Amino acid sequence: MPLRPGTMRLACMFSSILLFGVAGLLLFISLQDPTELAPQQVPGIKFNIRPQQPRKDLQAGSSHDGDSKVSTEKATQDLSSWAPRDLKLQVPDQPQLHPKSGARLRLRQRRRRLLIKKMPAAVAVVTNSSSETLLRPGPQALESHWVSLHQSQQERKRVMREACAKYRASSSRRPVTPRHVSRIFVEDRHRVLYCEVPKAGCSNWKRVLMVLAGLASSTADIQHNTVHYGSSLKRLDTFDRQGILHRLGTYTKMLFVREPFERLVSAFRDKFEHPNSYYHPVFGKAILARYRANASREALRTGSGVRFPEFVQYLLDVHRPVGMDIHWDHVSRLCSPCLIDYDFVGKFESMEDDANFFLSLIRAPHNLTFPQFKDRHSQEARTTSRITHQYFAQLSALQRQRTYDFYYMDYLMFNYSKPFADLY
C-alpha cells in the first residue's frame, strides 16, 4: 500500500529531529570537561585574612591548603583564637547555586574551555582560578608577622613548661595560695591577669591596664606615683579563694620578662645611683656596713654610694643583712610560672611587638598601644647589653658565675643565652 505524502513528510521530519538530537548529544559530550562528571569535592581550608585596620607591623596573608587533614571548623577555631583584633579570619561557605544560574554558569564554562584550548598554558592556569584567588598560594602566604609572633609564643611556653617539668615538677602539684598570686594585677573588663616583673616594663604595663579598665583615657596622663602607690588596680590576692581560682581558670594570664643580668643592673642603677628615700636607708646602710671596709660615717648614716660589686656581694650572701626585694628577685618566685599556666610570655627585648600583639589578642581599643616613654630618670640611657657588660666587668669571674647560678632558672625557663663566654 503506497504511503500518503503527509505520512512521508512526517517520517522525514521525525528522522531529521532524531539525527539533530544525536549530533547535539555527541557535541555536548565532546565539549564536556570530565571533571564535571565526577562528584564535586569540598576544597581544603582557605583562609581569607584581611586586616581591618592594621597595626604598625602586623601583616596578613592567605592560604589554601587542599591537603589538610583537620576539619575546616577545627582549624578555623585554632587560628581565629589567636587572630589579632585587626585581622578577620574568614572561611567561605560553599556557594549555593540556583538551578537556572547553574545552567548559565555551565554554559559559560563550556565556552571558556573552547577559548582555553587556544591559549598558552601559563594563561590557562590563571583563567582557571577563582575570582578571589588567581593562583594557589604557597606556604609563604601565611608567613605574616602575627603568625610568627604566635609561633614564638608557642615556643616560649614549651621551653618554660619543659624546664618546670624537669626541675620543678613538684611545684605543679601544690595548691595555689594568696602568696603565689600577690604580684598579679587584675583587669576585669578585658579579663586579663598581669604578673608584675619589676624592671621589665611593669610601670607602663600598669598604665595600660588602667586605660583598659577605664580609669584613665591615655597612658601619658598617668603619673609614676599613681601607677605604683595608688590603689586603682586590684591584686589577685585581694579576692577570696573562689575569686582567685575563677580568674586563674578563665582570664588571660600574661607576664613579661627580661634578660636577668640586664634586669639586675637596671634595678641597681635605679635604686642606688639616684637619691632614694627607701632603698638607701633600708638596703644601702646595711650593705655598706657589712661589705665595705672602713666605710665613712657619712656613708653609714645615709646609705648612699653603694657600688655594684658590694650590691652583688649582698645578693649572693646566704646570710643577707637585709631581705630580698622584688626588683631583683627571681621571676620564678615572683610569678610562680611552674604553678600558674601563663597564656602569654612576653620579653622586654621585643616589647613593642609582643605588647601590641597581646593587645590585639585581647581586643583592646585600636588607639591603645604600649607606651615607649621612660618616666624616671628620662635623661639617662636605658640599660642595654653593652651597659650591663660594663657593670659585670667590675666583678671577678667567680662572682659572675655565682650570679649566673643565682638566676639560672630564669635563664633556663625563658631561654636566655649565657651573657659571658666563660660561664658554665
# chains A, B, ... in the order shown; residues from 1 in each chain; ligands from 1
>>> select_by_dssp(residues="region 136-329 of chain A", states="helix (DSSP H, G or I)", output="number ranges by chain")
A: 139-142, 145-167, 169-173, 178-181, 202-212, 219-221, 224-229, 236-238, 241-250, 260-272, 279-291, 297-302, 308-316
>>> atom_distance(atom1="CA of Trp328 (chain A)", atom2="CA of Arg400 (chain A)")
15.4 Å
>>> closest_atom_pairs(of="region 233-351 of chain A", to="region 200-204 of chain A", cutoff="6 Å", atoms="only C-alpha atoms", output="Markdown table")
| residue | atom | partner | partner_atom | distance |
| --- | --- | --- | --- | --- |
| A:Val257 | CA | A:Ala200 | CA | 5.7 |
| A:Arg258 | CA | A:Ala200 | CA | 5.6 |
| A:Phe348 | CA | A:Ala200 | CA | 5.6 |
>>> write_last_selection(atoms="C-alpha atoms", output="mmCIF file, in the first residue's frame")
data_model
loop_
_atom_site.group_PDB
_atom_site.id
_atom_site.type_symbol
_atom_site.label_atom_id
_atom_site.label_comp_id
_atom_site.auth_asym_id
_atom_site.auth_seq_id
_atom_site.Cartn_x
_atom_site.Cartn_y
_atom_site.Cartn_z
ATOM 1 C CA VAL A 257 60.433 39.015 81.466
ATOM 2 C CA ARG A 258 63.881 40.466 80.827
ATOM 3 C CA PHE A 348 61.361 43.159 77.295
#
>>> residues_around(residues="region 385-398 of chain A", least_positions_apart="3", cutoff="7 Å", atoms="only C-alpha atoms", output="PyMOL selection string")
chain A and resi 261-262+265+309+401-402
>>> residues_around(residues="Gly243 (chain A)", least_positions_apart="6", cutoff="12 Å", atoms="only C-alpha atoms", output="PDB file with N, CA, C and O atoms, in the first residue's frame")
ATOM      1  N   PRO A 178      47.369  32.636  98.276  1.00  0.00           N
ATOM      2  CA  PRO A 178      47.456  34.079  98.003  1.00  0.00           C
ATOM      3  C   PRO A 178      48.877  34.576  97.789  1.00  0.00           C
ATOM      4  O   PRO A 178      49.102  35.508  97.010  1.00  0.00           O
ATOM      5  N   VAL A 181      50.021  34.540  94.148  1.00  0.00           N
ATOM      6  CA  VAL A 181      49.390  35.470  93.201  1.00  0.00           C
ATOM      7  C   VAL A 181      49.467  36.912  93.692  1.00  0.00           C
ATOM      8  O   VAL A 181      48.753  37.780  93.200  1.00  0.00           O
ATOM      9  N   VAL A 186      44.782  42.549  88.339  1.00  0.00           N
ATOM     10  CA  VAL A 186      43.551  42.093  87.697  1.00  0.00           C
ATOM     11  C   VAL A 186      42.915  43.233  86.898  1.00  0.00           C
ATOM     12  O   VAL A 186      42.800  44.357  87.397  1.00  0.00           O
ATOM     13  N   ASP A 188      39.365  43.368  85.004  1.00  0.00           N
ATOM     14  CA  ASP A 188      38.180  42.536  84.785  1.00  0.00           C
ATOM     15  C   ASP A 188      37.479  42.795  83.462  1.00  0.00           C
ATOM     16  O   ASP A 188      36.870  41.879  82.915  1.00  0.00           O
ATOM     17  N   ARG A 235      44.849  43.627  93.119  1.00  0.00           N
ATOM     18  CA  ARG A 235      45.715  42.457  93.072  1.00  0.00           C
ATOM     19  C   ARG A 235      44.864  41.200  93.240  1.00  0.00           C
ATOM     20  O   ARG A 235      43.835  41.217  93.907  1.00  0.00           O
ATOM     21  N   LEU A 236      45.354  40.125  92.667  1.00  0.00           N
ATOM     22  CA  LEU A 236      44.576  38.890  92.701  1.00  0.00           C
ATOM     23  C   LEU A 236      44.445  38.347  94.116  1.00  0.00           C
ATOM     24  O   LEU A 236      43.439  37.708  94.451  1.00  0.00           O
ATOM     25  N   ASP A 237      45.422  38.610  94.985  1.00  0.00           N
ATOM     26  CA  ASP A 237      45.349  38.064  96.340  1.00  0.00           C
ATOM     27  C   ASP A 237      44.341  38.784  97.223  1.00  0.00           C
ATOM     28  O   ASP A 237      44.120  38.383  98.366  1.00  0.00           O
ATOM     29  N   GLY A 249      41.338  30.454  86.108  1.00  0.00           N
ATOM     30  CA  GLY A 249      40.839  29.483  85.151  1.00  0.00           C
ATOM     31  C   GLY A 249      40.211  30.079  83.906  1.00  0.00           C
ATOM     32  O   GLY A 249      40.087  29.384  82.892  1.00  0.00           O
ATOM     33  N   THR A 250      39.816  31.360  83.954  1.00  0.00           N
ATOM     34  CA  THR A 250      39.069  31.934  82.830  1.00  0.00           C
ATOM     35  C   THR A 250      39.698  33.184  82.221  1.00  0.00           C
ATOM     36  O   THR A 250      39.340  33.549  81.110  1.00  0.00           O
ATOM     37  N   TYR A 251      40.619  33.842  82.902  1.00  0.00           N
ATOM     38  CA  TYR A 251      41.216  35.072  82.379  1.00  0.00           C
ATOM     39  C   TYR A 251      42.482  34.756  81.582  1.00  0.00           C
ATOM     40  O   TYR A 251      43.071  33.676  81.710  1.00  0.00           O
TER      41      TYR A 251
END
>>> closest_residue(among="A:Ala213, A:Leu264, A:Leu18, A:Cys338", to="His180 (chain A)", atoms="only C-alpha atoms")
A:Cys338
>>> select_by_dssp(residues="region 165-401 of chain A", states="strand (DSSP E or B)", output="VMD selection string")
chain A and resid 184 to 187 192 to 195 234 to 235 252 to 257 344 to 347
>>> write_last_selection(atoms="C-alpha atoms", output="CSV table (one decimal), in the first residue's frame")
chain,number,residue,atom,x,y,z
A,184,ILE,CA,49.3,39.5,89.8
A,185,PHE,CA,47.1,42.5,88.9
A,186,VAL,CA,43.6,42.1,87.7
A,187,GLU,CA,41.7,43.9,84.9
A,192,VAL,CA,43.4,40.0,82.0
A,193,LEU,CA,45.8,38.9,84.7
A,194,TYR,CA,49.3,40.5,84.6
A,195,CYS,CA,52.1,39.3,86.8
A,234,LYS,CA,43.3,45.2,92.2
A,235,ARG,CA,45.7,42.5,93.1
A,252,THR,CA,44.2,35.6,80.0
A,253,LYS,CA,47.3,35.3,82.1
A,254,MET,CA,50.5,37.1,81.0
A,255,LEU,CA,53.9,38.1,82.2
A,256,PHE,CA,56.8,40.0,80.7
A,257,VAL,CA,60.4,39.0,81.5
A,344,PHE,CA,51.3,34.7,77.1
A,345,VAL,CA,55.0,35.2,77.8
A,346,GLY,CA,56.4,38.5,76.5
A,347,LYS,CA,60.0,39.7,76.6
>>> closest_residue(among="A:Tyr342, A:Lys374, A:Gln399, A:Arg174", to="Gln313 (chain A)", atoms="only C-alpha atoms")
A:Gln399
